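Peer 1: I am attaching a structure below and will ask some questions about it afterwards.
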Amino acid sequence: MSGAGSPTLDVDGTGLDVTIVAGSWHDVITDALIASAQRTLDEAGASHTLVRVPGSFELPVVSKAALEAGADAVVALGVIIRGGTPHFEYVSAAATDGLTRVALDTGKPVGFGVLTLDDEQQGIDRSGLPGSKEDKGREAAEAAIATVRALRAVRG
C-alpha cells in the first residue's frame with residue numbers, strides 16, 4: 001500500500017478492539033513496526049493490546065487465539081531476513097499461509113505487517129522509523145481497521 005496509487009482508507013476505529021501480535025526477532029525494526037501500529041490505532045480510536053511471540057512462525061496460532069477470544073482484528077507484525085539456507089522461504093510461507101488461513105477461518109481481519117527482506121536495511125526503510133520510505137506498521141493497522149468496516153458493511 002506504499003507509494004503512488006496507495007488507497008485512502010476509512011480508518012475510524014472507534015469501538016474496535018485490536019490485538020497486535022508481534023515477533024521478537026530484529027528488535028529495532030520490530031519495535032518500530034509496533035510503535036507505528038500503536039500510534040495508528042490510537043489515532044483511529046481503537047483499543048489495542050500487544051502480545052509478543054518468539055518469531056514470525058508463531059504469529060498465526062496466537063493471532064487465531066486473539067480473534068477467537070473476541071478481538072475484532074489482529075495486526076500481525078514480524079521480520080524475516082533472508083539468509084543462506086531455505087529457512088527464509090519456509091518461515092515466510094508458513095507465516096503468510098497461516099495468517100491467511102486464520103483470517104478465512106475466523107472471518108476476521110488480519111492486518112499483514114510481516115516484512116520479508118533481503119537485508120536489514122530494507123526493514124529499516126519500511127519500518128516507519130524517522131527517514132523511512134515506508135511505514136508498514138501503519139499500513140497493517142489501517143488495513144485491519146478498514147477491513148473490519150468493510151466486513152460490517154457487507155454483513156449489515
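Identifiers for the C-alpha cells are assigned positionally: chains receive A, B, ... in sequence, residues are indexed from 1 per chain, and ligands are indexed from 1 in the order shown.
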Need the shell around Ala32 of chain A: protein/DNA/RNA residues with any atom at most 12 Å away, counting only C-alpha atoms. Skip same-chain ones fewer than 6 positions apart. Format as a PyMOL selection string?

Peer 2: chain A and resi 22+24+26+38-39+77-79+113+123-130+132+134-138

Peer 1: Keeping only C-alpha atoms, write the selected residues to a file as a compact mmCIF listing (two decimals), in the first residue's frame.

Peer 2:
# COMPACT_ATOMS: atom_id res chain seq x y z
CA ALA A 22 4.45 -9.28 17.01
CA SER A 24 10.62 -10.85 18.67
CA HIS A 26 15.21 -7.97 14.76
CA GLN A 38 0.06 1.50 18.17
CA ARG A 39 0.11 5.18 17.13
CA LEU A 77 3.98 -7.89 12.68
CA GLY A 78 7.18 -9.76 12.00
CA VAL A 79 10.58 -9.54 10.35
CA GLY A 113 2.77 -6.48 8.57
CA GLY A 123 13.46 -3.37 7.01
CA ILE A 124 14.69 -0.04 8.31
CA ASP A 125 13.41 1.58 5.11
CA ARG A 126 9.93 0.07 5.64
CA SER A 127 9.57 0.27 9.43
CA GLY A 128 8.31 3.81 9.92
CA LEU A 129 11.49 4.97 11.63
CA PRO A 130 12.48 8.60 11.03
CA SER A 132 12.00 5.53 6.41
CA GLU A 134 7.51 3.34 4.09
CA ASP A 135 5.55 2.61 7.26
CA LYS A 136 4.34 -0.98 7.18
CA GLY A 137 3.18 -0.94 10.82
CA ARG A 138 0.79 1.91 9.99

Peer 1: Skip Ser56 of chain A itself and residues of its chain fewer than 5 positions away, then list as a PyMOL selection string all residues within 12 Å of it, counting only C-alpha atoms.

Peer 2: chain A and resi 21-26+30+61-63+76-81+87-88+90-99+112-116

Peer 1: Can you list, as a PyMOL selection string, every protein, DNA or RNA residue that comes within 12 Å of Ala103 of chain A when you count only C-alpha atoms, leaving out same-chain residues fewer than 3 positions away?

Peer 2: chain A and resi 60-61+63-68+72-76+96-100+106-112+144+147-148+151

Peer 1: Name the residues of chain A that come out as strand (DSSP E or B) in a backbone DSSP run; write them as a PyMOL selection string.

Peer 2: chain A and resi 17-22+47-52+73-81+110-117+127+135

Peer 1: Figure out the distance between atom CA of Ile29 of chain A and atom CA of Gly45 of chain A, please, to one decimal in Å.

Peer 2: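 Separation of atom CA of Gly45 of chain A and atom CA of Ile29 of chain A: 24.5 Å.
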
Peer 1: Fewer than 5 positions away in the same chain doesn't count, so skip those; otherwise give me all residues within 12 Å of Ser6 of chain A, counting only C-alpha atoms, as number ranges by chain.

Peer 2: A: 1, 134, 139, 142-143

Peer 1: May I have all residues of segment 11-41 of chain A that DSSP, computed from the backbone, assigns to alpha helix (DSSP H), given as a list in words?

Peer 2: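 The alpha helix (DSSP H) subset of segment 11-41 of chain A is Asp27, Val28, Ile29, Thr30, Asp31, Ala32, Leu33, Ile34, Ala35, Ser36, Ala37, Gln38, Arg39, Thr40 and Leu41 of chain A.
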
Peer 1: I'd like the interatomic distance between atom CA of Asp118 of chain A and atom CA of Ile20 of chain A, to a tenth of an Å.

Peer 2: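 Separation of atom CA of Asp118 of chain A and atom CA of Ile20 of chain A: 24.3 Å.
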
Peer 1: Restricting the calculation to only C-alpha atoms: of A:Pro7, A:Ala146, A:Gly84, A:Glu58, which residue gets closest to Ala46 of chain A?

Peer 2: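 Between A:Pro7, A:Ala146, A:Gly84, A:Glu58, the residue approaching Ala46 of chain A most closely is A:Ala146.
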